[in-house]
file protein-v7.cif (mmCIF, C-alpha atoms)
data_entry
loop_
_atom_site.label_atom_id
_atom_site.label_comp_id
_atom_site.auth_asym_id
_atom_site.auth_seq_id
_atom_site.Cartn_x
_atom_site.Cartn_y
_atom_site.Cartn_z
CA MET A 1 0.00 0.00 0.00
CA PRO A 2 1.58 3.30 -1.06
CA LEU A 3 0.18 5.26 1.91
CA MET A 4 1.80 2.83 4.31
CA ALA A 5 5.06 3.09 2.35
CA ALA A 6 5.16 6.87 2.76
CA TYR A 7 4.36 6.53 6.47
CA ILE A 8 7.12 4.00 7.01
CA ALA A 9 9.56 6.03 4.89
CA ALA A 10 9.04 9.13 7.06
CA LEU A 11 9.28 7.05 10.24
CA GLN A 12 12.49 5.30 9.17
CA ARG A 13 14.06 8.53 8.01
CA ASP A 14 13.47 10.27 11.34
CA LEU A 15 14.68 7.28 13.34
CA LEU A 16 17.83 7.12 11.20
CA LEU A 17 18.43 10.82 11.82
CA VAL A 18 18.07 10.24 15.56
CA MET A 19 20.59 7.39 15.44
CA ARG A 20 23.08 9.76 13.78
CA ARG A 21 22.63 12.42 16.44
CA LYS A 22 21.91 10.64 19.69
CA THR A 23 22.66 13.49 22.10
CA GLU A 24 19.50 15.39 21.22
CA VAL A 25 17.31 12.49 22.25
CA LEU A 26 19.30 11.65 25.31
CA THR A 27 18.81 15.22 26.54
CA ALA A 28 15.07 14.61 26.92
CA LEU A 29 15.55 11.23 28.61
CA PHE A 30 18.24 12.53 30.95
CA PHE A 31 15.98 15.42 31.86
CA PHE A 32 13.26 12.96 32.87
CA VAL A 33 15.68 10.86 34.92
CA ILE A 34 17.33 13.85 36.60
CA VAL A 35 14.09 15.57 37.63
CA THR A 36 12.52 12.40 38.98
CA THR A 37 15.73 11.47 40.81
CA LEU A 38 16.30 14.86 42.39
CA LEU A 39 12.73 15.17 43.67
CA PRO A 40 12.90 12.39 46.30
CA LEU A 41 16.34 13.63 47.33
CA GLY A 42 15.08 17.16 47.78
CA ILE A 43 11.86 16.27 49.55
CA GLY A 44 13.39 13.85 52.01
CA PRO A 45 12.91 10.21 52.95
CA GLU A 46 9.26 10.02 53.92
CA PRO A 47 7.76 7.03 52.08
CA ASP A 48 4.16 8.12 52.61
CA LEU A 49 4.72 11.56 51.15
CA LEU A 50 6.81 10.19 48.27
CA ARG A 51 4.16 7.62 47.36
CA LYS A 52 1.61 10.39 47.31
CA ILE A 53 3.48 12.73 44.98
CA ALA A 54 4.97 9.99 42.76
CA PRO A 55 2.31 9.86 40.00
CA GLY A 56 2.05 13.62 39.66
CA ALA A 57 5.80 14.18 39.77
CA MET A 58 6.54 11.52 37.17
CA TRP A 59 3.81 12.70 34.86
CA ILE A 60 4.97 16.31 35.03
CA ALA A 61 8.54 15.20 34.27
CA ALA A 62 7.33 13.09 31.33
CA LEU A 63 5.31 16.00 29.99
CA LEU A 64 8.22 18.43 30.12
CA ALA A 65 10.61 15.86 28.63
CA THR A 66 8.28 15.41 25.63
CA LEU A 67 8.13 19.17 25.25
CA LEU A 68 11.95 19.32 25.00
CA GLY A 69 11.96 17.14 21.89
CA LEU A 70 9.04 18.92 20.25
CA GLN A 71 10.87 22.01 19.04
CA ARG A 72 13.08 19.88 16.82
CA LEU A 73 10.18 17.97 15.30
CA PHE A 74 9.74 20.27 12.28
CA ALA A 75 12.25 23.09 12.85
CA ALA A 76 15.30 21.19 11.54
CA ASP A 77 13.47 20.01 8.41
CA HIS A 78 12.18 23.53 7.89
CA ALA A 79 15.68 25.02 8.09
CA ASP A 80 17.24 22.76 5.46
CA GLY A 81 14.30 22.75 3.05
CA THR A 82 13.41 19.06 3.37
CA LEU A 83 10.03 20.01 4.85
CA GLU A 84 9.18 21.78 1.57
CA GLN A 85 9.92 18.56 -0.28
CA MET A 86 7.54 16.68 2.03
CA VAL A 87 4.80 19.24 1.41
CA LEU A 88 5.31 18.79 -2.33
CA SER A 89 5.12 15.01 -2.14
CA PRO A 90 2.26 13.43 -4.10
CA GLU A 91 1.50 11.36 -1.01
CA PRO A 92 -0.78 13.04 1.55
CA LEU A 93 1.22 15.25 3.90
CA SER A 94 -0.80 14.02 6.89
CA VAL A 95 0.56 10.49 6.37
CA ILE A 96 4.15 11.73 6.33
CA VAL A 97 3.42 13.90 9.39
CA ALA A 98 1.93 10.87 11.16
CA GLY A 99 5.19 9.03 10.48
CA LYS A 100 7.20 11.87 11.98
CA ILE A 101 4.96 12.01 15.06
CA THR A 102 5.34 8.25 15.53
CA ALA A 103 9.11 8.62 15.35
CA HIS A 104 8.98 11.38 17.97
CA TRP A 105 6.95 9.14 20.28
CA LEU A 106 9.24 6.12 19.78
CA VAL A 107 12.21 8.29 20.68
CA CYS A 108 10.88 10.66 23.35
CA GLY A 109 7.81 8.86 24.74
CA LEU A 110 8.27 5.10 24.68
CA PRO A 111 11.59 5.07 26.58
CA LEU A 112 9.85 6.85 29.48
CA VAL A 113 7.50 3.88 29.82
CA PHE A 114 10.46 1.59 30.36
CA LEU A 115 12.26 4.01 32.67
CA ALA A 116 9.16 4.31 34.87
CA PRO A 117 9.67 1.09 36.91
CA VAL A 118 13.20 2.08 37.91
CA ILE A 119 12.15 5.60 38.82
CA GLY A 120 9.03 4.30 40.57
CA LEU A 121 11.18 2.38 43.03
CA GLN A 122 12.70 5.64 44.25
CA PHE A 123 9.23 6.79 45.20
CA ASP A 124 8.51 3.50 47.01
CA LEU A 125 5.62 2.64 44.67
CA SER A 126 4.20 -0.86 44.92
CA SER A 127 4.72 -3.12 41.90
CA ASP A 128 0.99 -2.96 41.05
CA ALA A 129 1.03 0.83 41.10
CA ILE A 130 4.13 0.83 38.88
CA GLY A 131 2.28 -1.39 36.42
CA ILE A 132 -0.60 1.09 36.27
CA LEU A 133 1.86 3.97 35.91
CA MET A 134 3.51 2.24 32.94
CA LEU A 135 0.12 1.65 31.39
CA THR A 136 -0.89 5.32 31.73
CA LEU A 137 2.43 6.42 30.25
CA LEU A 138 2.00 3.95 27.39
CA VAL A 139 -1.39 5.44 26.51
CA GLY A 140 -0.54 9.01 27.50
CA THR A 141 2.84 9.68 25.87
CA PRO A 142 1.60 9.20 22.27
CA LEU A 143 -1.14 11.64 23.17
CA LEU A 144 1.51 14.16 24.24
CA SER A 145 3.39 13.71 20.95
CA LEU A 146 0.22 14.11 18.87
CA ILE A 147 -0.97 17.26 20.64
CA GLY A 148 2.53 18.69 20.76
CA ALA A 149 2.99 18.28 17.00
CA ILE A 150 0.13 20.73 16.37
CA GLY A 151 1.86 23.34 18.53
CA ALA A 152 5.24 22.69 16.93
CA ALA A 153 3.74 23.11 13.45
CA LEU A 154 1.89 26.31 14.38
CA THR A 155 4.96 28.01 15.82
CA LEU A 156 7.25 26.93 12.98
CA GLY A 157 9.43 29.77 11.78
CA ALA A 158 8.20 32.17 14.47
CA ARG A 159 10.76 33.92 16.60
CA GLY A 160 10.94 32.55 20.13
CA SER A 161 9.12 29.44 19.01
CA ALA A 162 10.43 27.45 21.99
CA LEU A 163 8.52 29.67 24.40
CA LEU A 164 5.47 29.80 22.14
CA VAL A 165 5.25 26.01 21.91
CA SER A 166 5.22 25.75 25.70
CA LEU A 167 2.55 28.41 26.03
CA LEU A 168 0.39 26.83 23.35
CA VAL A 169 0.79 23.21 24.23
CA LEU A 170 0.96 23.12 28.03
CA PRO A 171 -2.72 24.04 28.54
CA LEU A 172 -3.68 21.29 26.08
CA TYR A 173 -1.58 18.82 28.06
CA ILE A 174 -3.58 19.41 31.23
CA PRO A 175 -6.31 16.78 30.61
CA THR A 176 -3.64 14.17 29.86
CA LEU A 177 -1.82 15.09 33.05
CA ILE A 178 -4.97 14.94 35.18
CA PHE A 179 -6.17 11.58 33.86
CA GLY A 180 -2.67 10.06 33.70
CA ALA A 181 -1.64 10.95 37.22
CA GLY A 182 -5.22 10.48 38.45
CA ALA A 183 -5.30 6.86 37.28
CA VAL A 184 -2.34 5.93 39.47
CA GLU A 185 -3.58 7.97 42.43
CA SER A 186 -7.04 6.44 42.38
CA TYR A 187 -5.52 2.96 42.07
CA ILE A 188 -3.37 3.58 45.14
CA ALA A 189 -6.46 4.90 46.93
CA GLY A 190 -8.21 1.61 46.07
CA LEU A 191 -10.74 3.08 43.63
CA GLY A 192 -9.45 1.35 40.50
CA ALA A 193 -7.93 3.01 37.46
CA THR A 194 -10.35 1.88 34.77
CA GLY A 195 -12.27 5.14 34.50
CA HIS A 196 -9.21 7.33 34.10
CA LEU A 197 -7.59 4.89 31.69
CA SER A 198 -10.69 4.76 29.51
CA LEU A 199 -10.80 8.53 29.27
CA LEU A 200 -7.09 8.61 28.45
CA GLY A 201 -7.67 6.00 25.75
CA ALA A 202 -10.59 7.97 24.32
CA LEU A 203 -8.43 11.10 24.17
CA LEU A 204 -5.72 9.14 22.38
CA ILE A 205 -8.14 7.85 19.73
CA LEU A 206 -9.50 11.35 19.21
CA ALA A 207 -6.01 12.84 18.89
CA ALA A 208 -4.77 10.06 16.59
CA ALA A 209 -7.70 10.77 14.27
CA PHE A 210 -7.44 14.55 14.18
CA ALA A 211 -3.95 15.68 15.23
CA PRO A 212 -2.16 14.69 11.98
CA TRP A 213 -4.69 16.69 9.93
CA ALA A 214 -4.50 19.69 12.24
CA THR A 215 -0.69 19.52 12.12
CA THR A 216 -0.76 19.34 8.32
CA ALA A 217 -3.00 22.40 8.08
CA ALA A 218 -0.76 24.27 10.52
CA LEU A 219 2.35 23.33 8.51
CA ARG A 220 0.86 24.62 5.27
CA ILE A 221 0.07 27.94 6.94
CA SER A 222 3.52 28.21 8.53
CA LEU A 223 5.32 27.46 5.28
CA GLU A 224 3.63 30.20 3.27
CA MET B 1 -4.89 25.48 -30.08
CA GLN B 2 -4.20 22.99 -27.32
CA THR B 3 -4.73 23.97 -23.70
CA PRO B 4 -1.48 24.82 -21.94
CA PHE B 5 -0.21 22.42 -19.28
CA LEU B 6 0.71 25.16 -16.85
CA ALA B 7 -1.08 28.48 -16.80
CA ALA B 8 -1.14 31.36 -14.37
CA ARG B 9 -3.70 34.14 -14.46
CA ASN B 10 -3.20 37.65 -13.07
CA LEU B 11 -0.94 36.67 -10.21
CA ARG B 12 -0.32 39.29 -7.58
CA CYS B 13 2.10 38.77 -4.72
CA VAL B 14 2.37 40.85 -1.58
CA ARG B 15 5.05 40.36 1.03
CA GLY B 16 4.36 42.32 4.19
CA THR B 17 3.31 45.78 3.08
CA GLN B 18 5.20 45.66 -0.19
CA GLN B 19 3.75 44.48 -3.45
CA LEU B 20 6.28 42.39 -5.33
CA PHE B 21 4.42 41.98 -8.60
CA GLU B 22 0.96 42.05 -10.08
CA ASN B 23 -0.80 40.98 -13.27
CA ILE B 24 1.58 38.16 -14.03
CA SER B 25 0.05 35.73 -16.49
CA LEU B 26 1.88 32.95 -18.21
CA GLU B 27 1.32 29.77 -20.19
CA LEU B 28 3.63 26.87 -20.71
CA ASN B 29 3.21 23.97 -23.12
CA ALA B 30 5.01 20.67 -23.48
CA GLY B 31 8.64 21.18 -24.39
CA GLN B 32 8.73 24.85 -23.42
CA TRP B 33 10.76 26.55 -20.76
CA LEU B 34 10.47 29.79 -18.85
CA TYR B 35 13.39 31.77 -17.52
CA LEU B 36 12.62 34.23 -14.74
CA GLN B 37 14.83 37.27 -14.56
CA GLY B 38 14.93 40.04 -12.03
CA GLU B 39 17.14 41.72 -9.49
CA ASN B 40 17.45 40.44 -5.94
CA GLY B 41 14.16 40.79 -4.15
CA ALA B 42 12.12 41.17 -7.33
CA GLY B 43 10.00 38.17 -6.34
CA LYS B 44 11.50 35.37 -8.43
CA THR B 45 11.46 32.85 -5.59
CA SER B 46 8.00 34.02 -4.50
CA LEU B 47 6.65 33.41 -8.00
CA LEU B 48 8.24 29.96 -8.12
CA ARG B 49 6.73 29.09 -4.73
CA ILE B 50 3.31 30.24 -5.93
CA LEU B 51 3.66 28.16 -9.10
CA ALA B 52 4.69 25.14 -7.04
CA GLY B 53 1.72 25.56 -4.72
CA LEU B 54 3.86 26.27 -1.64
CA ALA B 55 2.50 29.79 -1.27
CA LEU B 56 -0.82 31.34 -2.22
CA PRO B 57 -0.98 34.42 -4.44
CA ALA B 58 -2.76 37.49 -3.12
CA GLU B 59 -4.80 37.42 -6.31
CA GLY B 60 -5.05 35.17 -9.35
CA GLU B 61 -4.71 31.44 -9.75
CA VAL B 62 -2.41 28.78 -11.08
CA LEU B 63 -3.87 26.15 -13.38
CA TRP B 64 -2.46 22.74 -14.24
CA GLN B 65 -4.13 21.10 -17.22
CA ASN B 66 -6.97 23.58 -16.93
CA ALA B 67 -7.83 22.98 -13.26
CA PRO B 68 -6.66 25.02 -10.25
CA ILE B 69 -3.73 23.31 -8.56
CA ALA B 70 -5.34 23.55 -5.10
CA GLN B 71 -8.09 21.19 -6.29
CA GLN B 72 -5.72 18.49 -7.50
CA ARG B 73 -2.75 18.79 -5.20
CA SER B 74 -1.76 15.13 -5.31
CA GLN B 75 -1.95 14.89 -9.12
CA TYR B 76 -0.07 18.18 -9.58
CA HIS B 77 2.67 17.21 -7.17
CA GLN B 78 3.02 13.90 -8.99
CA ASP B 79 3.88 15.85 -12.14
CA LEU B 80 6.03 18.44 -10.39
CA LEU B 81 9.63 18.39 -9.29
CA TYR B 82 10.64 21.43 -7.25
CA ILE B 83 14.28 22.20 -6.50
CA GLY B 84 14.35 25.10 -4.06
CA HIS B 85 17.25 27.30 -3.09
CA HIS B 86 17.70 25.31 0.14
CA ALA B 87 20.14 22.44 0.37
CA GLY B 88 17.14 20.11 0.62
CA LEU B 89 19.28 17.33 2.07
CA LYS B 90 19.79 16.16 5.65
CA GLU B 91 23.35 16.87 6.74
CA ASP B 92 23.60 13.74 8.90
CA LEU B 93 22.53 11.29 6.21
CA THR B 94 24.51 10.13 3.20
CA LEU B 95 23.49 11.12 -0.31
CA THR B 96 22.10 7.65 -0.95
CA GLU B 97 20.01 7.71 2.25
CA ASN B 98 18.77 11.19 1.45
CA LEU B 99 17.66 10.26 -2.04
CA GLN B 100 16.12 7.01 -0.81
CA ALA B 101 14.07 8.87 1.82
CA LEU B 102 12.97 11.53 -0.68
CA CYS B 103 11.92 8.97 -3.28
CA ARG B 104 10.04 6.79 -0.82
CA MET B 105 8.18 9.70 0.73
CA ASP B 106 7.22 10.69 -2.82
CA GLY B 107 5.82 7.21 -3.34
CA VAL B 108 8.38 6.51 -6.08
CA ARG B 109 9.96 3.08 -6.22
CA SER B 110 13.71 3.40 -6.58
CA THR B 111 16.25 0.63 -6.42
CA ASP B 112 19.70 1.06 -4.89
CA ALA B 113 21.16 0.54 -8.36
CA ALA B 114 19.05 3.38 -9.79
CA ILE B 115 20.23 5.75 -7.06
CA ARG B 116 23.84 4.68 -7.61
CA ASP B 117 23.51 5.29 -11.35
CA ALA B 118 21.95 8.72 -10.81
CA LEU B 119 24.73 9.76 -8.45
CA THR B 120 27.35 8.42 -10.84
CA ARG B 121 25.86 10.47 -13.67
CA MET B 122 26.09 13.56 -11.45
CA GLY B 123 29.76 12.72 -10.80
CA LEU B 124 29.25 11.73 -7.18
CA ALA B 125 29.97 8.00 -7.39
CA LYS B 126 32.77 8.21 -4.83
CA ARG B 127 30.79 10.43 -2.48
CA GLN B 128 27.58 8.42 -2.23
CA HIS B 129 28.28 6.99 1.21
CA LEU B 130 29.64 10.14 2.85
CA PRO B 131 27.45 12.21 5.15
CA VAL B 132 26.20 15.27 3.32
CA ARG B 133 27.77 17.66 5.85
CA VAL B 134 31.29 16.88 4.59
CA LEU B 135 30.39 17.63 0.96
CA SER B 136 31.02 20.97 -0.73
CA ALA B 137 28.14 23.27 -1.69
CA GLY B 138 28.44 22.27 -5.34
CA GLN B 139 28.41 18.57 -4.52
CA LYS B 140 25.28 19.02 -2.37
CA ARG B 141 23.62 20.82 -5.24
CA ARG B 142 24.53 18.06 -7.66
CA GLY B 143 23.26 15.48 -5.19
CA LEU B 144 19.91 17.22 -5.01
CA LEU B 145 19.75 17.53 -8.79
CA ALA B 146 20.18 13.74 -9.00
CA ARG B 147 16.50 13.65 -8.02
CA THR B 148 15.65 14.72 -11.56
CA LEU B 149 17.00 11.36 -12.76
CA LEU B 150 15.08 9.33 -10.19
CA ARG B 151 11.64 10.83 -10.30
CA PRO B 152 9.61 11.18 -13.45
CA ALA B 153 7.90 14.58 -13.53
CA LYS B 154 6.57 16.69 -16.38
CA LEU B 155 7.28 20.07 -14.83
CA TRP B 156 10.54 21.06 -13.20
CA ILE B 157 10.56 24.22 -11.12
CA MET B 158 14.09 25.18 -10.17
CA ASP B 159 15.34 28.01 -8.04
CA GLU B 160 18.92 28.82 -9.04
CA PRO B 161 19.84 25.29 -10.19
CA PHE B 162 23.30 26.42 -11.31
CA ASN B 163 24.27 27.92 -7.95
CA ALA B 164 27.65 26.75 -6.68
CA LEU B 165 28.18 24.49 -9.69
CA ASP B 166 31.40 24.46 -11.70
CA VAL B 167 31.55 24.83 -15.49
CA HIS B 168 31.35 21.09 -16.17
CA ALA B 169 28.44 20.57 -13.81
CA ILE B 170 26.57 23.50 -15.35
CA ALA B 171 27.00 21.91 -18.78
CA ASP B 172 25.78 18.58 -17.38
CA VAL B 173 22.70 20.17 -15.85
CA GLN B 174 21.95 22.07 -19.06
CA ASN B 175 22.12 18.78 -20.94
CA LEU B 176 19.72 17.28 -18.44
CA LEU B 177 17.32 20.17 -18.98
CA LYS B 178 17.63 19.89 -22.75
CA ALA B 179 16.89 16.16 -22.64
CA HIS B 180 13.89 16.84 -20.41
CA LEU B 181 12.53 19.44 -22.85
CA THR B 182 13.05 17.14 -25.83
CA GLU B 183 10.96 14.51 -24.08
CA GLY B 184 8.12 17.01 -23.80
CA GLY B 185 8.86 18.20 -20.29
CA MET B 186 8.62 21.76 -19.03
CA VAL B 187 11.07 23.83 -17.02
CA VAL B 188 10.63 27.02 -15.03
CA LEU B 189 13.85 28.35 -13.59
CA THR B 190 15.60 31.35 -12.17
CA SER B 191 19.29 31.88 -12.54
CA HIS B 192 21.81 34.66 -12.39
CA GLN B 193 23.45 33.36 -15.51
CA THR B 194 21.51 32.97 -18.72
CA PRO B 195 20.87 29.27 -19.34
CA ASP B 196 21.76 27.93 -22.76
CA LEU B 197 19.16 25.30 -23.60
CA GLY B 198 19.73 25.22 -27.32
CA GLN B 199 17.71 26.65 -30.18
CA ASP B 200 15.26 23.75 -30.51
CA ALA B 201 13.30 24.29 -27.33
CA PRO B 202 11.13 27.40 -27.28
CA GLY B 203 11.98 29.46 -24.24
CA PHE B 204 10.39 32.51 -22.71
CA ILE B 205 11.92 35.18 -20.56
CA LEU B 206 9.91 36.91 -17.88
CA ASN B 207 11.54 39.91 -16.27
CA LEU B 208 10.09 40.73 -12.90
CA SER B 209 12.11 43.88 -12.30
CA GLY B 210 9.75 46.14 -14.23
CA ALA B 211 6.58 44.57 -12.90
CA ARG B 212 6.62 46.48 -9.65
#
call {"tool": "encode", "arguments": {"input": "protein-v7.cif", "output": "structure tokens"}}
result
Amino acid sequence: MPLMAAYIAALQRDLLLVMRRKTEVLTALFFFVIVTTLLPLGIGPEPDLLRKIAPGAMWIAALLATLLGLQRLFAADHADGTLEQMVLSPEPLSVIVAGKITAHWLVCGLPLVFLAPVIGLQFDLSSDAIGILMLTLLVGTPLLSLIGAIGAALTLGARGSALLVSLLVLPLYIPTLIFGAGAVESYIAGLGATGHLSLLGALLILAAAFAPWATTAALRISLE
Amino acid sequence: MQTPFLAARNLRCVRGTQQLFENISLELNAGQWLYLQGENGAGKTSLLRILAGLALPAEGEVLWQNAPIAQQRSQYHQDLLYIGHHAGLKEDLTLTENLQALCRMDGVRSTDAAIRDALTRMGLAKRQHLPVRVLSAGQKRRGLLARTLLRPAKLWIMDEPFNALDVHAIADVQNLLKAHLTEGGMVVLTSHQTPDLGQDAPGFILNLSGAR
């Protein structure tokens, strides 16, 4: 299927670029590890308090780490003219954009899911709670990449785009943050995480359906 | 009288508060080429971007085979090859990887052998596995122009294709353009040096300097 070929081509290209320049990715992951490691050290060794703040703290760190990688999503391709070539491709731009967003998630989102158990131990989370945390991150981080891509496309080429992206995207991240951290908190409180997880899943489906189109429209406007 | 492949009607372009040009109309048929002239800032690149569908004109429309390009974006982009003034290549990838990615995102099937042949014809056989960032400006340009050999397209829109090229490479590219025109292709280009595309292919010159 040609659509799938264009999607995979964009995905492979971005992953290859990441492999050639690993430091940029590692910055986001290191940021996540550093913030979540310093927090327990700064707050002090009180297991009850740490357990309580763990979901919120880890979700905020994940959210900011995703934001770090966002500015590079389209800016580099814009600077060297390869984004123009993508816009002029006969294949739909939204498919290529979807490939790029997937690459961003695989690089900046998915590793956080696997880092979560290690970090969770520092907050004295039970193994069940860590499982739920991983699940929320698995559903939530692609959502962050999808929403963030719209902001990155809208601020493309604007001066001070790094600040603009944060201002635009952070309010849109709030529902993800509330449901993601809320799922773990309500599980720890014994209420079950199903409700929060379902809402998070619904948001993901909605974003997966609309975010690539919104990003495409934003890119066309920014490139003019 | 056949209908022209590419036509533009009463194009007007405004950048900021300044009007770059207005009332630009043009028609291009199979085998014809158009050479845009004009001083720096006259709007050559803006006109090329409007013709390629990257930017919208303030007024007027661009037609491809009698239909506005906005209504048939996919079909138009299938027939169009645009070489901008950017490098258009990723610095961290090799020439081969760059061309592979470009072809596959365009939905064009290209074998490794075809890419190797194209790069060899552009005189880059020994450079195909080097990262683009170590290449010279002229070599990057030639690498990007290798796309013309890999992707069939009726209309080539080129922004300064001869930039940074040496005498031999310019002759090579002119031969490429001539061959393309003989096969019934069309070329729209800007350049600071007058291209010599032979007497056979009918060419037009559009000077944007006086249009303001």
call {"tool": "residues_around", "arguments": {"input": "protein-v7.cif", "residues": "segment 178-186 of chain A", "least_positions_apart": "3", "cutoff": "9 Å", "atoms": "all atoms listed in the file", "output": "VMD selection string"}}
result
chain A and resid 52 to 60 129 to 130 132 to 133 136 to 137 139 to 140 173 to 175 189 to 197 199 to 200
call {"tool": "residues_around", "arguments": {"input": "protein-v7.cif", "residues": "segment 119-126 of chain A", "least_positions_apart": "5", "cutoff": "8 Å", "atoms": "all atoms listed in the file", "output": "mmCIF file with C-alpha atoms, in the frame of the given file"}}
result
data_model
loop_
_atom_site.group_PDB
_atom_site.id
_atom_site.type_symbol
_atom_site.label_atom_id
_atom_site.label_comp_id
_atom_site.auth_asym_id
_atom_site.auth_seq_id
_atom_site.Cartn_x
_atom_site.Cartn_y
_atom_site.Cartn_z
ATOM 1 C CA VAL A 33 15.680 10.860 34.920
ATOM 2 C CA THR A 36 12.520 12.400 38.980
ATOM 3 C CA THR A 37 15.730 11.470 40.810
ATOM 4 C CA PRO A 40 12.900 12.390 46.300
ATOM 5 C CA PRO A 47 7.760 7.030 52.080
ATOM 6 C CA LEU A 50 6.810 10.190 48.270
ATOM 7 C CA ARG A 51 4.160 7.620 47.360
ATOM 8 C CA ALA A 54 4.970 9.990 42.760
#
call {"tool": "resolve_selection", "arguments": {"input": "protein-v7.cif", "expression": "the PyMOL selection byres ((chain B) within 8 of (chain A))", "output": "VMD selection string"}}
result
chain B and resid 52 54 to 56 73 to 78 82 84 86 to 90 92 to 93 101 to 102 104 to 107
call {"tool": "write_last_selection", "arguments": {"input": "protein-v7.cif", "atoms": "C-alpha atoms", "output": "PDB file, keeping the file's coordinate frame"}}
result
ATOM      1  CA  ALA B  52       4.690  25.140  -7.040  1.00  0.00           C
ATOM      2  CA  LEU B  54       3.860  26.270  -1.640  1.00  0.00           C
ATOM      3  CA  ALA B  55       2.500  29.790  -1.270  1.00  0.00           C
ATOM      4  CA  LEU B  56      -0.820  31.340  -2.220  1.00  0.00           C
ATOM      5  CA  ARG B  73      -2.750  18.790  -5.200  1.00  0.00           C
ATOM      6  CA  SER B  74      -1.760  15.130  -5.310  1.00  0.00           C
ATOM      7  CA  GLN B  75      -1.950  14.890  -9.120  1.00  0.00           C
ATOM      8  CA  TYR B  76      -0.070  18.180  -9.580  1.00  0.00           C
ATOM      9  CA  HIS B  77       2.670  17.210  -7.170  1.00  0.00           C
ATOM     10  CA  GLN B  78       3.020  13.900  -8.990  1.00  0.00           C
ATOM     11  CA  TYR B  82      10.640  21.430  -7.250  1.00  0.00           C
ATOM     12  CA  GLY B  84      14.350  25.100  -4.060  1.00  0.00           C
ATOM     13  CA  HIS B  86      17.700  25.310   0.140  1.00  0.00           C
ATOM     14  CA  ALA B  87      20.140  22.440   0.370  1.00  0.00           C
ATOM     15  CA  GLY B  88      17.140  20.110   0.620  1.00  0.00           C
ATOM     16  CA  LEU B  89      19.280  17.330   2.070  1.00  0.00           C
ATOM     17  CA  LYS B  90      19.790  16.160   5.650  1.00  0.00           C
ATOM     18  CA  ASP B  92      23.600  13.740   8.900  1.00  0.00           C
ATOM     19  CA  LEU B  93      22.530  11.290   6.210  1.00  0.00           C
ATOM     20  CA  ALA B 101      14.070   8.870   1.820  1.00  0.00           C
ATOM     21  CA  LEU B 102      12.970  11.530  -0.680  1.00  0.00           C
ATOM     22  CA  ARG B 104      10.040   6.790  -0.820  1.00  0.00           C
ATOM     23  CA  MET B 105       8.180   9.700   0.730  1.00  0.00           C
ATOM     24  CA  ASP B 106       7.220  10.690  -2.820  1.00  0.00           C
ATOM     25  CA  GLY B 107       5.820   7.210  -3.340  1.00  0.00           C
TER      26      GLY B 107
END
call {"tool": "closest_residue", "arguments": {"input": "protein-v7.cif", "among": "A:Thr215, A:Leu203, A:Val165, A:Leu106", "to": "Leu64 of chain A", "atoms": "only C-alpha atoms"}}
result
A:Val165
call {"tool": "closest_residue", "arguments": {"input": "protein-v7.cif", "among": "B:Ala8, B:Thr94, B:Leu80, B:Leu34", "to": "Leu63 of chain B", "atoms": "all atoms listed in the file"}}
result
B:Ala8
call {"tool": "closest_residue", "arguments": {"input": "protein-v7.cif", "among": "B:Ala153, B:Val108, B:Ala137, B:Leu6", "to": "Gln32 of chain B", "atoms": "all atoms listed in the file"}}
result
B:Leu6
call {"tool": "closest_residue", "arguments": {"input": "protein-v7.cif", "among": "B:Leu206, B:Ala67, B:Leu28, B:Leu130", "to": "Trp156 of chain B", "atoms": "all atoms listed in the file"}}
result
B:Leu28
call {"tool": "residues_near_point", "arguments": {"input": "protein-v7.cif", "point": "(5.9, 15.6, 21.3)", "cutoff": "6 Å", "atoms": "all atoms listed in the file", "output": "PDB file with C-alpha atoms, keeping the file's coordinate frame"}}
result
ATOM      1  CA  THR A  66       8.280  15.410  25.630  1.00  0.00           C
ATOM      2  CA  LEU A  67       8.130  19.170  25.250  1.00  0.00           C
ATOM      3  CA  LEU A  70       9.040  18.920  20.250  1.00  0.00           C
ATOM      4  CA  LEU A 144       1.510  14.160  24.240  1.00  0.00           C
ATOM      5  CA  SER A 145       3.390  13.710  20.950  1.00  0.00           C
ATOM      6  CA  GLY A 148       2.530  18.690  20.760  1.00  0.00           C
ATOM      7  CA  ALA A 149       2.990  18.280  17.000  1.00  0.00           C
TER       8      ALA A 149
END
call {"tool": "atom_distance", "arguments": {"input": "protein-v7.cif", "atom1": "atom CA of Glu39 of chain B", "atom2": "atom CA of Gln193 of chain B"}}
result
12.1 Å
call {"tool": "atom_distance", "arguments": {"input": "protein-v7.cif", "atom1": "atom CA of Asn66 of chain B", "atom2": "atom CA of Phe21 of chain B"}}
result
23.2 Å
call {"tool": "resolve_selection", "arguments": {"input": "protein-v7.cif", "expression": "the PyMOL selection byres ((chain B and resi 22) around 9)", "output": "short mmCIF file (atom, residue, chain, number, x, y, z; two decimals) with C-alpha atoms, in the frame of the given file"}}
result
data_model
loop_
_atom_site.label_atom_id
_atom_site.label_comp_id
_atom_site.auth_asym_id
_atom_site.auth_seq_id
_atom_site.Cartn_x
_atom_site.Cartn_y
_atom_site.Cartn_z
CA ASN B 10 -3.20 37.65 -13.07
CA LEU B 11 -0.94 36.67 -10.21
CA ARG B 12 -0.32 39.29 -7.58
CA CYS B 13 2.10 38.77 -4.72
CA VAL B 14 2.37 40.85 -1.58
CA GLN B 19 3.75 44.48 -3.45
CA LEU B 20 6.28 42.39 -5.33
CA PHE B 21 4.42 41.98 -8.60
CA ASN B 23 -0.80 40.98 -13.27
CA ILE B 24 1.58 38.16 -14.03
CA GLU B 59 -4.80 37.42 -6.31
CA ALA B 211 6.58 44.57 -12.90
CA ARG B 212 6.62 46.48 -9.65
#
